[in-house]
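One file, my_file.cif, carrying mmCIF, C-alpha atoms:
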```cif
data_upload
loop_
_atom_site.group_PDB
_atom_site.id
_atom_site.type_symbol
_atom_site.label_atom_id
_atom_site.label_comp_id
_atom_site.auth_asym_id
_atom_site.auth_seq_id
_atom_site.Cartn_x
_atom_site.Cartn_y
_atom_site.Cartn_z
ATOM 1 C CA MET F 1 0.000 0.000 0.000
ATOM 2 C CA LYS F 2 2.840 2.386 0.845
ATOM 3 C CA LEU F 3 4.474 1.627 -2.507
ATOM 4 C CA LEU F 4 1.293 2.604 -4.351
ATOM 5 C CA THR F 5 1.112 5.860 -2.374
ATOM 6 C CA TYR F 6 4.745 6.701 -3.176
ATOM 7 C CA LEU F 7 4.282 5.875 -6.873
ATOM 8 C CA SER F 8 1.159 8.061 -7.032
ATOM 9 C CA LEU F 9 3.034 10.907 -5.364
ATOM 10 C CA ILE F 10 5.937 10.578 -7.827
ATOM 11 C CA VAL F 11 3.590 10.527 -10.847
ATOM 12 C CA LEU F 12 1.697 13.596 -9.568
ATOM 13 C CA THR F 13 4.985 15.415 -8.960
ATOM 14 C CA ILE F 14 6.219 14.624 -12.473
ATOM 15 C CA LEU F 15 2.907 15.767 -13.986
ATOM 16 C CA PHE F 16 2.993 18.975 -11.943
ATOM 17 C CA MET F 17 6.611 19.747 -12.879
ATOM 18 C CA THR F 18 6.098 19.082 -16.600
ATOM 19 C CA SER F 19 2.912 21.154 -16.754
ATOM 20 C CA CYS F 20 4.657 24.264 -15.425
ATOM 21 C CA ARG F 21 5.859 26.727 -18.017
ATOM 22 C CA GLU F 22 9.419 27.925 -18.045
ATOM 23 C CA PRO F 23 9.517 31.289 -16.227
ATOM 24 C CA LYS F 24 10.182 34.445 -18.227
ATOM 25 C CA ASP F 25 13.477 36.240 -17.647
ATOM 26 C CA LEU F 26 13.546 38.982 -15.062
ATOM 27 C CA GLU F 27 13.905 42.453 -16.603
ATOM 28 C CA PHE F 28 16.663 44.735 -15.335
ATOM 29 C CA ARG F 29 15.423 48.288 -14.696
ATOM 30 C CA GLU F 30 18.154 50.292 -12.929
ATOM 31 C CA PHE F 31 20.744 50.379 -10.216
ATOM 32 C CA LYS F 32 20.716 52.715 -7.236
ATOM 33 C CA ASN F 33 22.400 53.364 -3.880
ATOM 34 C CA LEU F 34 25.891 52.650 -5.196
ATOM 35 C CA THR F 35 28.454 52.826 -2.370
ATOM 36 C CA ILE F 36 32.022 51.652 -1.851
ATOM 37 C CA GLU F 37 33.130 50.504 1.605
ATOM 38 C CA ASN F 38 36.439 49.402 3.140
ATOM 39 C CA LEU F 39 38.390 51.049 0.344
ATOM 40 C CA SER F 40 42.088 50.088 0.279
ATOM 41 C CA PHE F 41 44.724 49.395 -2.359
ATOM 42 C CA SER F 42 44.129 45.650 -2.223
ATOM 43 C CA LYS F 43 40.347 45.355 -1.939
ATOM 44 C CA ALA F 44 37.056 47.129 -1.428
ATOM 45 C CA ILE F 45 33.380 46.260 -1.162
ATOM 46 C CA LEU F 46 30.894 47.650 -3.661
ATOM 47 C CA LYS F 47 27.263 47.722 -2.548
ATOM 48 C CA VAL F 48 24.492 48.408 -5.018
ATOM 49 C CA ASP F 49 20.754 47.847 -5.204
ATOM 50 C CA LEU F 50 19.649 46.309 -8.499
ATOM 51 C CA VAL F 51 16.034 46.964 -9.469
ATOM 52 C CA TYR F 52 14.274 44.282 -11.537
ATOM 53 C CA TYR F 53 10.776 43.586 -12.821
ATOM 54 C CA ASN F 54 9.212 40.121 -12.640
ATOM 55 C CA PRO F 55 6.911 39.649 -15.706
ATOM 56 C CA ASN F 56 5.701 36.234 -14.497
ATOM 57 C CA ASN F 57 2.222 35.525 -13.101
ATOM 58 C CA PHE F 58 3.794 33.958 -10.021
ATOM 59 C CA GLY F 59 6.139 35.055 -7.301
ATOM 60 C CA LEU F 60 9.546 33.518 -6.718
ATOM 61 C CA GLU F 61 12.270 33.506 -4.089
ATOM 62 C CA LEU F 62 15.931 34.248 -4.713
ATOM 63 C CA ASN F 63 18.101 32.078 -2.483
ATOM 64 C CA ARG F 64 21.717 32.511 -3.617
ATOM 65 C CA THR F 65 23.905 34.553 -5.970
ATOM 66 C CA ASP F 66 27.338 33.604 -7.258
ATOM 67 C CA LEU F 67 28.310 36.234 -9.834
ATOM 68 C CA ASP F 68 31.376 37.784 -11.457
ATOM 69 C CA LEU F 69 31.182 41.458 -12.392
ATOM 70 C CA TYR F 70 32.953 42.824 -15.477
ATOM 71 C CA VAL F 71 33.206 46.468 -16.523
ATOM 72 C CA ASP F 72 34.178 47.008 -20.171
ATOM 73 C CA SER F 73 35.531 43.415 -20.361
ATOM 74 C CA SER F 74 37.748 43.856 -17.274
ATOM 75 C CA PHE F 75 37.091 41.681 -14.233
ATOM 76 C CA LEU F 76 35.968 43.966 -11.411
ATOM 77 C CA GLY F 77 34.969 41.585 -8.632
ATOM 78 C CA HIS F 78 32.973 38.646 -7.329
ATOM 79 C CA SER F 79 29.705 38.390 -5.401
ATOM 80 C CA SER F 80 28.735 35.281 -3.483
ATOM 81 C CA GLN F 81 25.711 35.697 -1.225
ATOM 82 C CA ASN F 82 23.254 33.476 0.570
ATOM 83 C CA ILE F 83 20.269 35.793 0.542
ATOM 84 C CA GLN F 84 16.495 35.539 0.777
ATOM 85 C CA VAL F 85 14.734 37.993 -1.545
ATOM 86 C CA ALA F 86 11.016 37.747 -2.269
ATOM 87 C CA ILE F 87 10.249 38.337 -5.944
ATOM 88 C CA PRO F 88 6.609 39.420 -6.246
ATOM 89 C CA ARG F 89 4.545 38.485 -9.293
ATOM 90 C CA ARG F 90 4.294 41.131 -12.043
ATOM 91 C CA ASN F 91 6.023 43.732 -9.905
ATOM 92 C CA VAL F 92 9.308 45.525 -9.294
ATOM 93 C CA PHE F 93 11.721 44.296 -6.624
ATOM 94 C CA THR F 94 15.179 45.259 -5.363
ATOM 95 C CA LEU F 95 18.161 42.935 -5.079
ATOM 96 C CA PRO F 96 20.891 44.189 -2.728
ATOM 97 C CA LEU F 97 24.218 43.078 -4.186
ATOM 98 C CA GLN F 98 27.591 43.119 -2.450
ATOM 99 C CA VAL F 99 30.677 42.696 -4.652
ATOM 100 C CA ASP F 100 34.224 42.104 -3.405
ATOM 101 C CA LEU F 101 36.237 44.325 -5.736
ATOM 102 C CA ASP F 102 39.634 43.343 -7.111
ATOM 103 C CA MET F 103 41.365 46.713 -6.673
ATOM 104 C CA LYS F 104 44.598 45.678 -8.451
ATOM 105 C CA ASN F 105 42.678 44.759 -11.588
ATOM 106 C CA LEU F 106 40.455 47.825 -11.277
ATOM 107 C CA LEU F 107 43.431 50.166 -11.025
ATOM 108 C CA LYS F 108 45.272 48.374 -13.823
ATOM 109 C CA ASN F 109 42.450 47.902 -16.360
ATOM 110 C CA GLY F 110 39.205 49.507 -15.337
ATOM 111 C CA LEU F 111 40.021 53.000 -14.098
ATOM 112 C CA ASN F 112 39.484 54.593 -17.514
ATOM 113 C CA SER F 113 36.034 52.987 -17.680
ATOM 114 C CA LEU F 114 34.966 54.657 -14.460
ATOM 115 C CA PHE F 115 35.630 58.098 -15.945
ATOM 116 C CA SER F 116 33.557 57.351 -19.069
ATOM 117 C CA LYS F 117 29.988 58.544 -19.435
ATOM 118 C CA GLU F 118 28.828 55.083 -20.455
ATOM 119 C CA ILE F 119 30.239 51.747 -19.351
ATOM 120 C CA GLY F 120 29.653 48.159 -20.402
ATOM 121 C CA VAL F 121 28.552 45.973 -17.476
ATOM 122 C CA ARG F 122 28.462 42.184 -17.554
ATOM 123 C CA LEU F 123 27.241 39.810 -14.834
ATOM 124 C CA LEU F 124 28.293 36.196 -15.278
ATOM 125 C CA GLY F 125 27.544 33.314 -12.926
ATOM 126 C CA LYS F 126 24.632 31.518 -11.279
ATOM 127 C CA VAL F 127 21.602 32.371 -9.180
ATOM 128 C CA LYS F 128 19.373 29.988 -7.260
ATOM 129 C CA ILE F 129 15.665 30.782 -7.639
ATOM 130 C CA GLY F 130 12.643 28.807 -6.566
ATOM 131 C CA LYS F 131 9.285 28.648 -4.906
ATOM 132 C CA ALA F 132 7.947 26.942 -1.781
ATOM 133 C CA GLY F 133 11.398 25.713 -0.756
ATOM 134 C CA VAL F 134 12.215 24.075 -4.117
ATOM 135 C CA TYR F 135 15.131 25.866 -5.796
ATOM 136 C CA LYS F 136 16.862 25.547 -9.140
ATOM 137 C CA SER F 137 20.145 27.088 -10.302
ATOM 138 C CA PHE F 138 20.043 29.293 -13.381
ATOM 139 C CA ASN F 139 23.000 30.547 -15.396
ATOM 140 C CA VAL F 140 23.317 34.307 -15.644
ATOM 141 C CA ASP F 141 25.064 36.021 -18.547
ATOM 142 C CA TYR F 142 23.729 39.549 -18.640
ATOM 143 C CA THR F 143 25.356 42.414 -20.565
ATOM 144 C CA THR F 144 24.245 46.031 -20.738
ATOM 145 C CA ARG F 145 25.532 49.550 -21.283
ATOM 146 C CA GLN F 146 24.903 51.939 -18.419
ATOM 147 C CA ASN F 147 25.186 55.693 -18.152
ATOM 148 C CA PHE F 148 27.574 56.261 -15.290
ATOM 149 C CA SER F 149 29.657 59.098 -13.975
ATOM 150 C CA LEU F 150 31.613 59.569 -10.782
ATOM 151 C CA PHE F 151 31.233 63.301 -11.217
ATOM 152 C CA LYS F 152 27.510 64.050 -11.642
#
```
Kindly return the structure encoded in the file as structure tokens.
Amino acid sequence: MKLLTYLSLIVLTILFMTSCREPKDLEFREFKNLTIENLSFSKAILKVDLVYYNPNNFGLELNRTDLDLYVDSSFLGHSSQNIQVAIPRRNVFTLPLQVDLDMKNLLKNGLNSLFSKEIGVRLLGKVKIGKAGVYKSFNVDYTTRQNFSLFK
């Protein structure tokens, strides 16, 4: 009897998982509250709030980020966070991101980019997103051009 119950549960789970549509990609809107902390010649911490829109008809939960940040093709730093962020359905949400900056590489390759009016930004890595405690890792390879100036 227990075997029949387990088999029924497995079949229902498979049917439920195959009937779900693949979620639409989250849409990047803007970044805000950019700050740099613990600035030294060897490292620094960049904190920024990323604003996204969820076009899906269902909410999600972000559980983990593991991302590399590139500015104009130069490695700028790495972000690895265990974080719980509620992603509401068809609404805007904010993702607080903390990046450990590689100051040697920034000073060597990326300083000119920071004085430009527009910079190329690339996020590369993985995020873990799910619902009701069931999470799946998704690859992230996002590239954009952003208006940016240290001297506004």
Counting all atoms listed in the file, the residue of F:Leu26, F:Arg90, F:Phe75, F:Asn105 that sits nearest Asn57 (chain F)
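For Asn57 (chain F), the nearest of the given residues is F:Arg90.
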Determine the residue membership of the PyMOL selection byres ((chain F and resi 68) around 10) for the file above and supply it as number ranges by chain.
F: 65-67, 69-70, 75-80, 99-101, 122-126, 140-141
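With all atoms listed in the file as the atoms that count, the minimum distance from Arg29 (chain F) to the choices F:Val92, F:Val51, F:Ile83, F:Val127 is reached by F:Val51.
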List the residues matched by the PyMOL selection byres ((chain F and resi 30) around 10) in the displayed structure as a count of residues only, ordered by chain and then by residue number.
12
In Å, with one decimal, what is the gap from CA of Gly130 (chain F) to CA of Leu62 (chain F)?
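Atom-to-atom, CA of Gly130 (chain F) and CA of Leu62 (chain F) are spaced 6.6 Å apart.
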Could you check which of F:Arg89, F:Ala44, F:Gln81, F:Asn38 is closest to Asn56 (chain F), using all atoms listed in the file?
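Of F:Arg89, F:Ala44, F:Gln81, F:Asn38, the one nearest Asn56 (chain F), counting all atoms listed in the file, is F:Arg89.
In this structure, CA of Lys47 (chain F) sits 13.9 Å away from CA of Asp102 (chain F).
Against the coordinates shown, the PyMOL selection byres ((chain F and resi 35) around 8) returns F:Asn33, F:Leu34, F:Ile36, F:Glu37, F:Leu46, F:Lys47, F:Val48.
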One number please: CA of Ala132 (chain F) to CA of Gln98 (chain F), in Å, one decimal.
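CA of Ala132 (chain F) sits 25.5 Å away from CA of Gln98 (chain F).
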